[in-house]
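Here's work02.pdb, which has PDB, C-alpha atoms and all ligand atoms:
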```
ATOM      1  CA  MET A   1       0.000   0.000   0.000
ATOM      2  CA  ALA A   2       1.210   3.464  -0.824
ATOM      3  CA  GLU A   3       0.227   6.130   1.653
ATOM      4  CA  ILE A   4       0.022   9.700   0.400
ATOM      5  CA  PHE A   5      -1.117  12.949   1.984
ATOM      6  CA  VAL A   6      -3.345  15.310   0.040
ATOM      7  CA  THR A   7      -4.454  18.849   0.853
ATOM      8  CA  LYS A   8      -7.657  19.690  -0.987
ATOM      9  CA  ARG A   9      -8.611  23.145  -2.244
ATOM     10  CA  ASP A  10     -10.575  23.822   0.941
ATOM     11  CA  GLY A  11      -7.418  23.250   2.986
ATOM     12  CA  SER A  12      -8.522  19.901   4.411
ATOM     13  CA  LEU A  13      -5.801  17.249   4.767
ATOM     14  CA  HIS A  14      -6.486  13.646   3.714
ATOM     15  CA  ARG A  15      -4.457  10.458   3.988
ATOM     16  CA  LEU A  16      -5.001   7.974   1.170
ATOM     17  CA  ASP A  17      -3.928   4.344   1.505
ATOM     18  CA  GLU A  18      -4.133   2.729  -1.900
ATOM     19  CA  PRO A  19      -2.630  -0.349  -3.487
ATOM     20  CA  ALA A  20       0.135   0.907  -5.778
ATOM     21  CA  THR A  21      -0.762  -0.149  -9.293
ATOM     22  CA  GLY A  22       1.268   1.999 -11.651
ATOM     23  CA  GLN A  23      -1.935   3.772 -12.662
ATOM     24  CA  PRO A  24      -1.640   7.553 -12.890
ATOM     25  CA  LEU A  25      -1.670   9.450  -9.611
ATOM     26  CA  MET A  26      -4.465  11.516 -11.171
ATOM     27  CA  GLU A  27      -6.792   8.490 -11.122
ATOM     28  CA  VAL A  28      -6.159   7.893  -7.422
ATOM     29  CA  LEU A  29      -6.918  11.543  -6.654
ATOM     30  CA  ARG A  30      -9.981  11.673  -8.901
ATOM     31  CA  ASP A  31     -11.410   8.394  -7.622
ATOM     32  CA  ASN A  32     -11.061   9.581  -4.024
ATOM     33  CA  ASP A  33     -12.854  12.907  -4.677
ATOM     34  CA  MET A  34      -9.754  15.026  -4.124
ATOM     35  CA  ASP A  35     -10.959  17.925  -6.368
ATOM     36  CA  VAL A  36      -9.150  16.649  -9.469
ATOM     37  CA  GLU A  37     -11.449  16.917 -12.488
ATOM     38  CA  ALA A  38      -9.077  15.393 -15.084
ATOM     39  CA  LEU A  39     -11.287  16.505 -17.952
ATOM     40  CA  CYS A  40      -9.061  15.067 -20.690
ATOM     41  CA  GLY A  41      -8.816  11.677 -18.995
ATOM     42  CA  GLY A  42      -5.049  11.811 -18.692
ATOM     43  CA  CYS A  43      -4.080  12.845 -22.233
ATOM     44  CA  CYS A  44      -1.955  15.763 -20.999
ATOM     45  CA  SER A  45      -4.200  18.322 -22.659
ATOM     46  CA  CYS A  46      -6.381  19.985 -19.962
ATOM     47  CA  ALA A  47      -4.245  20.710 -16.835
ATOM     48  CA  THR A  48      -7.251  20.090 -14.550
ATOM     49  CA  CYS A  49      -5.138  17.509 -12.707
ATOM     50  CA  HIS A  50      -2.603  20.169 -11.649
ATOM     51  CA  VAL A  51      -1.099  19.600  -8.209
ATOM     52  CA  PHE A  52       1.667  21.173  -6.119
ATOM     53  CA  ILE A  53       4.151  18.534  -5.017
ATOM     54  CA  ASP A  54       5.844  19.061  -1.666
ATOM     55  CA  PRO A  55       9.334  20.445  -2.497
ATOM     56  CA  GLU A  56      11.145  17.592  -0.753
ATOM     57  CA  TRP A  57       9.421  15.189  -3.144
ATOM     58  CA  MET A  58       9.918  17.054  -6.419
ATOM     59  CA  ALA A  59      13.483  15.839  -6.882
ATOM     60  CA  LYS A  60      12.403  12.224  -6.361
ATOM     61  CA  LEU A  61       9.987  12.280  -9.291
ATOM     62  CA  ALA A  62      10.915  11.779 -12.925
ATOM     63  CA  GLU A  63      11.416  15.012 -14.868
ATOM     64  CA  ARG A  64       8.437  16.628 -16.560
ATOM     65  CA  SER A  65       8.098  15.776 -20.232
ATOM     66  CA  GLU A  66       8.177  18.674 -22.674
ATOM     67  CA  ASP A  67       4.408  18.355 -23.222
ATOM     68  CA  GLU A  68       3.723  18.432 -19.471
ATOM     69  CA  ARG A  69       6.010  21.409 -18.937
ATOM     70  CA  ASP A  70       4.418  23.365 -21.790
ATOM     71  CA  LEU A  71       0.877  22.742 -20.512
ATOM     72  CA  VAL A  72       1.367  23.189 -16.778
ATOM     73  CA  SER A  73       3.445  26.345 -17.229
ATOM     74  CA  GLU A  74       0.430  28.013 -18.858
ATOM     75  CA  THR A  75      -1.737  27.639 -15.732
ATOM     76  CA  GLU A  76      -2.397  30.744 -13.641
ATOM     77  CA  SER A  77      -1.059  29.198 -10.451
ATOM     78  CA  TYR A  78       2.044  27.620 -12.019
ATOM     79  CA  ASP A  79       4.938  27.202  -9.603
ATOM     80  CA  GLU A  80       8.214  26.063 -11.219
ATOM     81  CA  GLY A  81       9.363  24.321  -8.049
ATOM     82  CA  ARG A  82       6.135  22.456  -7.245
ATOM     83  CA  SER A  83       3.762  22.187 -10.218
ATOM     84  CA  ARG A  84       3.052  18.814 -11.821
ATOM     85  CA  LEU A  85       0.243  17.256 -13.792
ATOM     86  CA  SER A  86      -0.809  14.258 -11.722
ATOM     87  CA  CYS A  87      -1.832  12.289 -14.830
ATOM     88  CA  GLN A  88       1.839  12.140 -15.780
ATOM     89  CA  ILE A  89       3.011  10.530 -12.529
ATOM     90  CA  PRO A  90       2.648   6.744 -12.108
ATOM     91  CA  PHE A  91       1.293   5.766  -8.681
ATOM     92  CA  THR A  92       3.925   3.372  -7.324
ATOM     93  CA  ASP A  93       5.212   2.214  -3.935
ATOM     94  CA  GLU A  94       8.022   4.746  -4.266
ATOM     95  CA  LEU A  95       5.451   7.477  -3.670
ATOM     96  CA  THR A  96       4.752   6.309  -0.112
ATOM     97  CA  GLY A  97       4.765   9.422   2.079
ATOM     98  CA  LEU A  98       4.228  11.825  -0.835
ATOM     99  CA  LYS A  99       2.638  15.133   0.111
ATOM    100  CA  LEU A 100       0.777  17.253  -2.404
ATOM    101  CA  THR A 101      -1.751  20.064  -2.609
ATOM    102  CA  VAL A 102      -4.412  20.249  -5.298
ATOM    103  CA  ALA A 103      -3.867  23.444  -7.295
ATOM    104  CA  PRO A 104      -6.636  26.041  -7.623
ATOM    105  CA  ALA A 105      -8.921  25.699 -10.623
ATOM    106  CA  ASP A 106      -7.948  28.071 -13.439
TER     107      ASP A 106
HETATM  108  S1  LIG A 201      -5.934  14.884 -16.819
HETATM  109 FE1  LIG A 201      -5.856  16.387 -18.389
HETATM  110  S2  LIG A 201      -3.792  17.050 -18.276
HETATM  111 FE2  LIG A 201      -3.908  15.591 -16.709
END
```

Any chance you could put this one into structure tokens?
Amino acid sequence: MAEIFVTKRDGSLHRLDEPATGQPLMEVLRDNDMDVEALCGGCCSCATCHVFIDPEWMAKLAERSEDERDLVSETESYDEGRSRLSCQIPFTDELTGLKLTVAPAD
């Protein structure tokens, strides 16, 4: 089980214990009603799965692809040091302890 900590847009903190499946982190957040709309279904074309990753975790994740960087950097709340699209991050055991905050809706 991978345990992650999520702060929703209303500031509430949630702990999710999910079996790590390699599915996108976006799907875990969406399926647990964490304010992630994911309108494009994970095609890296909507940015409604935008999250702020806790800085200590950013370096542990794979680099953003060019497509992800281009899209997420166009969001109003973009933060170079913390912004990721959760559909581009596989949900694996290595994420145990991950902390993130759901970004404001654009
Ligand atoms: S779900 Fe649309 S960009 Fe991630």

Mind pulling up the distance from atom FE1 of ligand LIG 201 (chain A) to atom CA of A:Pro19?
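Taking atom CA of A:Pro19 as the start and atom FE1 of ligand LIG 201 (chain A) as the end point, the length is 22.6 Å.
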
Closest to A:Met26 among A:Cys49, A:Val6, A:Leu71, A:Cys40, using only C-alpha atoms?
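When distances to A:Met26 are compared using only C-alpha atoms, the smallest one comes from A:Cys49.
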
Give me the result of the PyMOL selection byres (((chain A and resi 105) around 9) and not hetatm) on this file, residue by residue, as a list in words.
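The output of the PyMOL selection byres (((chain A and resi 105) around 9) and not hetatm) on this file is Arg9, Thr48, His50, Glu76, Ser77, Val102, Ala103, Pro104 and Asp106 of chain A.
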
Write out as JSON lines the residues of chain A that have any atom within 10 Å of an atom of ligand LIG 201 (chain A), one row each with the nearest atom pair and its distance in Å to one decimal, counting all atoms listed in the file, sorted by chain and then rising number.
```
{"residue": "A:Pro24", "atom": "CA", "partner": "A:LIG201", "partner_atom": "FE2", "distance": 9.2}
{"residue": "A:Leu25", "atom": "CA", "partner": "A:LIG201", "partner_atom": "FE2", "distance": 9.6}
{"residue": "A:Met26", "atom": "CA", "partner": "A:LIG201", "partner_atom": "S1", "distance": 6.7}
{"residue": "A:Glu27", "atom": "CA", "partner": "A:LIG201", "partner_atom": "S1", "distance": 8.6}
{"residue": "A:Arg30", "atom": "CA", "partner": "A:LIG201", "partner_atom": "S1", "distance": 9.5}
{"residue": "A:Val36", "atom": "CA", "partner": "A:LIG201", "partner_atom": "S1", "distance": 8.2}
{"residue": "A:Glu37", "atom": "CA", "partner": "A:LIG201", "partner_atom": "S1", "distance": 7.3}
{"residue": "A:Ala38", "atom": "CA", "partner": "A:LIG201", "partner_atom": "S1", "distance": 3.6}
{"residue": "A:Leu39", "atom": "CA", "partner": "A:LIG201", "partner_atom": "FE1", "distance": 5.4}
{"residue": "A:Cys40", "atom": "CA", "partner": "A:LIG201", "partner_atom": "FE1", "distance": 4.2}
{"residue": "A:Gly41", "atom": "CA", "partner": "A:LIG201", "partner_atom": "S1", "distance": 4.8}
{"residue": "A:Gly42", "atom": "CA", "partner": "A:LIG201", "partner_atom": "S1", "distance": 3.7}
{"residue": "A:Cys43", "atom": "CA", "partner": "A:LIG201", "partner_atom": "FE1", "distance": 5.5}
{"residue": "A:Cys44", "atom": "CA", "partner": "A:LIG201", "partner_atom": "S2", "distance": 3.5}
{"residue": "A:Ser45", "atom": "CA", "partner": "A:LIG201", "partner_atom": "S2", "distance": 4.6}
{"residue": "A:Cys46", "atom": "CA", "partner": "A:LIG201", "partner_atom": "FE1", "distance": 4.0}
{"residue": "A:Ala47", "atom": "CA", "partner": "A:LIG201", "partner_atom": "S2", "distance": 4.0}
{"residue": "A:Thr48", "atom": "CA", "partner": "A:LIG201", "partner_atom": "FE1", "distance": 5.5}
{"residue": "A:Cys49", "atom": "CA", "partner": "A:LIG201", "partner_atom": "FE2", "distance": 4.6}
{"residue": "A:His50", "atom": "CA", "partner": "A:LIG201", "partner_atom": "FE2", "distance": 6.9}
{"residue": "A:Val51", "atom": "CA", "partner": "A:LIG201", "partner_atom": "FE2", "distance": 9.8}
{"residue": "A:Asp67", "atom": "CA", "partner": "A:LIG201", "partner_atom": "S2", "distance": 9.7}
{"residue": "A:Glu68", "atom": "CA", "partner": "A:LIG201", "partner_atom": "S2", "distance": 7.7}
{"residue": "A:Leu71", "atom": "CA", "partner": "A:LIG201", "partner_atom": "S2", "distance": 7.7}
{"residue": "A:Val72", "atom": "CA", "partner": "A:LIG201", "partner_atom": "S2", "distance": 8.2}
{"residue": "A:Arg84", "atom": "CA", "partner": "A:LIG201", "partner_atom": "FE2", "distance": 9.1}
{"residue": "A:Leu85", "atom": "CA", "partner": "A:LIG201", "partner_atom": "FE2", "distance": 5.3}
{"residue": "A:Ser86", "atom": "CA", "partner": "A:LIG201", "partner_atom": "FE2", "distance": 6.0}
{"residue": "A:Cys87", "atom": "CA", "partner": "A:LIG201", "partner_atom": "FE2", "distance": 4.3}
{"residue": "A:Gln88", "atom": "CA", "partner": "A:LIG201", "partner_atom": "FE2", "distance": 6.8}
{"residue": "A:Ile89", "atom": "CA", "partner": "A:LIG201", "partner_atom": "FE2", "distance": 9.5}
```

From A:Met58, A:Leu16, A:Leu29, A:Ala2, residue lying nearest A:Thr96 [all atoms listed in the file]
A:Ala2

What residues have an atom no more than 10 Å from (4.8, 20.8, -3.4) in the file's own frame, counting only C-alpha atoms, and can you write them as a list in words?
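Taken together, the residues in range are Val51, Phe52, Ile53, Asp54, Pro55, Glu56, Trp57, Met58, Asp79, Gly81, Arg82, Ser83, Arg84, Leu98, Lys99, Leu100, Thr101, Val102 and Ala103 of chain A.
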
Please report the interatomic distance between atom CA of A:Phe91 and atom CA of A:Thr21 in Å with one decimal.
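About the pair atom CA of A:Phe91 and atom CA of A:Thr21: they are 6.3 Å apart.
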
Using only C-alpha atoms, which of the listed residues (A:Asp31, A:Glu94, A:Glu3, A:Thr75) sits closest to A:Ala62?
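Among A:Asp31, A:Glu94, A:Glu3, A:Thr75, it is A:Glu94 that comes nearest to A:Ala62.
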
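Picture a line from atom CA of A:Ser73 to atom CA of A:Ala59; it runs 17.8 Å.
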
How about completing stretch 64-90 of chain A with N, CA and C atoms and giving it to me as a PDB file, in the coordinates of the input?
```pdb
ATOM      1  N   ARG A  64       9.598  16.375 -15.715  1.00  0.00           N
ATOM      2  CA  ARG A  64       8.437  16.628 -16.560  1.00  0.00           C
ATOM      3  C   ARG A  64       8.814  16.390 -18.017  1.00  0.00           C
ATOM      4  N   SER A  65       7.885  15.852 -18.783  1.00  0.00           N
ATOM      5  CA  SER A  65       8.098  15.776 -20.232  1.00  0.00           C
ATOM      6  C   SER A  65       7.933  17.187 -20.801  1.00  0.00           C
ATOM      7  N   GLU A  66       8.335  17.366 -22.041  1.00  0.00           N
ATOM      8  CA  GLU A  66       8.177  18.674 -22.674  1.00  0.00           C
ATOM      9  C   GLU A  66       6.699  19.051 -22.761  1.00  0.00           C
ATOM     10  N   ASP A  67       5.850  18.083 -23.120  1.00  0.00           N
ATOM     11  CA  ASP A  67       4.408  18.355 -23.222  1.00  0.00           C
ATOM     12  C   ASP A  67       3.841  18.789 -21.875  1.00  0.00           C
ATOM     13  N   GLU A  68       4.226  18.073 -20.801  1.00  0.00           N
ATOM     14  CA  GLU A  68       3.723  18.432 -19.471  1.00  0.00           C
ATOM     15  C   GLU A  68       4.193  19.824 -19.090  1.00  0.00           C
ATOM     16  N   ARG A  69       5.468  20.097 -19.312  1.00  0.00           N
ATOM     17  CA  ARG A  69       6.010  21.409 -18.937  1.00  0.00           C
ATOM     18  C   ARG A  69       5.283  22.529 -19.690  1.00  0.00           C
ATOM     19  N   ASP A  70       5.090  22.337 -20.987  1.00  0.00           N
ATOM     20  CA  ASP A  70       4.418  23.365 -21.790  1.00  0.00           C
ATOM     21  C   ASP A  70       3.020  23.644 -21.252  1.00  0.00           C
ATOM     22  N   LEU A  71       2.274  22.575 -20.937  1.00  0.00           N
ATOM     23  CA  LEU A  71       0.877  22.742 -20.512  1.00  0.00           C
ATOM     24  C   LEU A  71       0.777  23.320 -19.098  1.00  0.00           C
ATOM     25  N   VAL A  72       1.516  22.752 -18.171  1.00  0.00           N
ATOM     26  CA  VAL A  72       1.367  23.189 -16.778  1.00  0.00           C
ATOM     27  C   VAL A  72       1.898  24.609 -16.593  1.00  0.00           C
ATOM     28  N   SER A  73       2.884  25.002 -17.384  1.00  0.00           N
ATOM     29  CA  SER A  73       3.445  26.345 -17.229  1.00  0.00           C
ATOM     30  C   SER A  73       2.492  27.428 -17.715  1.00  0.00           C
ATOM     31  N   GLU A  74       1.435  27.044 -18.403  1.00  0.00           N
ATOM     32  CA  GLU A  74       0.430  28.013 -18.858  1.00  0.00           C
ATOM     33  C   GLU A  74      -0.683  28.226 -17.836  1.00  0.00           C
ATOM     34  N   THR A  75      -0.691  27.471 -16.736  1.00  0.00           N
ATOM     35  CA  THR A  75      -1.737  27.639 -15.732  1.00  0.00           C
ATOM     36  C   THR A  75      -1.469  28.898 -14.909  1.00  0.00           C
ATOM     37  N   GLU A  76      -2.528  29.493 -14.397  1.00  0.00           N
ATOM     38  CA  GLU A  76      -2.397  30.744 -13.641  1.00  0.00           C
ATOM     39  C   GLU A  76      -1.581  30.564 -12.371  1.00  0.00           C
ATOM     40  N   SER A  77      -1.716  29.404 -11.744  1.00  0.00           N
ATOM     41  CA  SER A  77      -1.059  29.198 -10.451  1.00  0.00           C
ATOM     42  C   SER A  77       0.259  28.442 -10.573  1.00  0.00           C
ATOM     43  N   TYR A  78       0.812  28.386 -11.789  1.00  0.00           N
ATOM     44  CA  TYR A  78       2.044  27.620 -12.019  1.00  0.00           C
ATOM     45  C   TYR A  78       3.151  28.024 -11.052  1.00  0.00           C
ATOM     46  N   ASP A  79       3.800  27.003 -10.504  1.00  0.00           N
ATOM     47  CA  ASP A  79       4.938  27.202  -9.603  1.00  0.00           C
ATOM     48  C   ASP A  79       6.057  26.276 -10.086  1.00  0.00           C
ATOM     49  N   GLU A  80       7.121  26.852 -10.622  1.00  0.00           N
ATOM     50  CA  GLU A  80       8.214  26.063 -11.219  1.00  0.00           C
ATOM     51  C   GLU A  80       8.719  24.970 -10.282  1.00  0.00           C
ATOM     52  N   GLY A  81       8.789  25.272  -9.001  1.00  0.00           N
ATOM     53  CA  GLY A  81       9.363  24.321  -8.049  1.00  0.00           C
ATOM     54  C   GLY A  81       8.412  23.263  -7.548  1.00  0.00           C
ATOM     55  N   ARG A  82       7.089  23.395  -7.846  1.00  0.00           N
ATOM     56  CA  ARG A  82       6.135  22.456  -7.245  1.00  0.00           C
ATOM     57  C   ARG A  82       5.079  21.927  -8.200  1.00  0.00           C
ATOM     58  N   SER A  83       4.894  22.552  -9.353  1.00  0.00           N
ATOM     59  CA  SER A  83       3.762  22.187 -10.218  1.00  0.00           C
ATOM     60  C   SER A  83       4.015  20.917 -11.023  1.00  0.00           C
ATOM     61  N   ARG A  84       3.050  20.014 -10.978  1.00  0.00           N
ATOM     62  CA  ARG A  84       3.052  18.814 -11.821  1.00  0.00           C
ATOM     63  C   ARG A  84       1.622  18.517 -12.260  1.00  0.00           C
ATOM     64  N   LEU A  85       1.537  17.796 -13.370  1.00  0.00           N
ATOM     65  CA  LEU A  85       0.243  17.256 -13.792  1.00  0.00           C
ATOM     66  C   LEU A  85       0.186  15.825 -13.271  1.00  0.00           C
ATOM     67  N   SER A  86      -0.795  15.561 -12.411  1.00  0.00           N
ATOM     68  CA  SER A  86      -0.809  14.258 -11.722  1.00  0.00           C
ATOM     69  C   SER A  86      -1.092  13.097 -12.667  1.00  0.00           C
ATOM     70  N   CYS A  87      -1.609  13.384 -13.868  1.00  0.00           N
ATOM     71  CA  CYS A  87      -1.832  12.289 -14.830  1.00  0.00           C
ATOM     72  C   CYS A  87      -0.529  11.788 -15.424  1.00  0.00           C
ATOM     73  N   GLN A  88       0.549  12.516 -15.198  1.00  0.00           N
ATOM     74  CA  GLN A  88       1.839  12.140 -15.780  1.00  0.00           C
ATOM     75  C   GLN A  88       2.761  11.461 -14.766  1.00  0.00           C
ATOM     76  N   ILE A  89       2.207  11.146 -13.590  1.00  0.00           N
ATOM     77  CA  ILE A  89       3.011  10.530 -12.529  1.00  0.00           C
ATOM     78  C   ILE A  89       2.433   9.154 -12.201  1.00  0.00           C
ATOM     79  N   PRO A  90       3.156   8.077 -12.467  1.00  0.00           N
ATOM     80  CA  PRO A  90       2.648   6.744 -12.108  1.00  0.00           C
ATOM     81  C   PRO A  90       2.574   6.590 -10.587  1.00  0.00           C
TER      82      PRO A  90
END
```
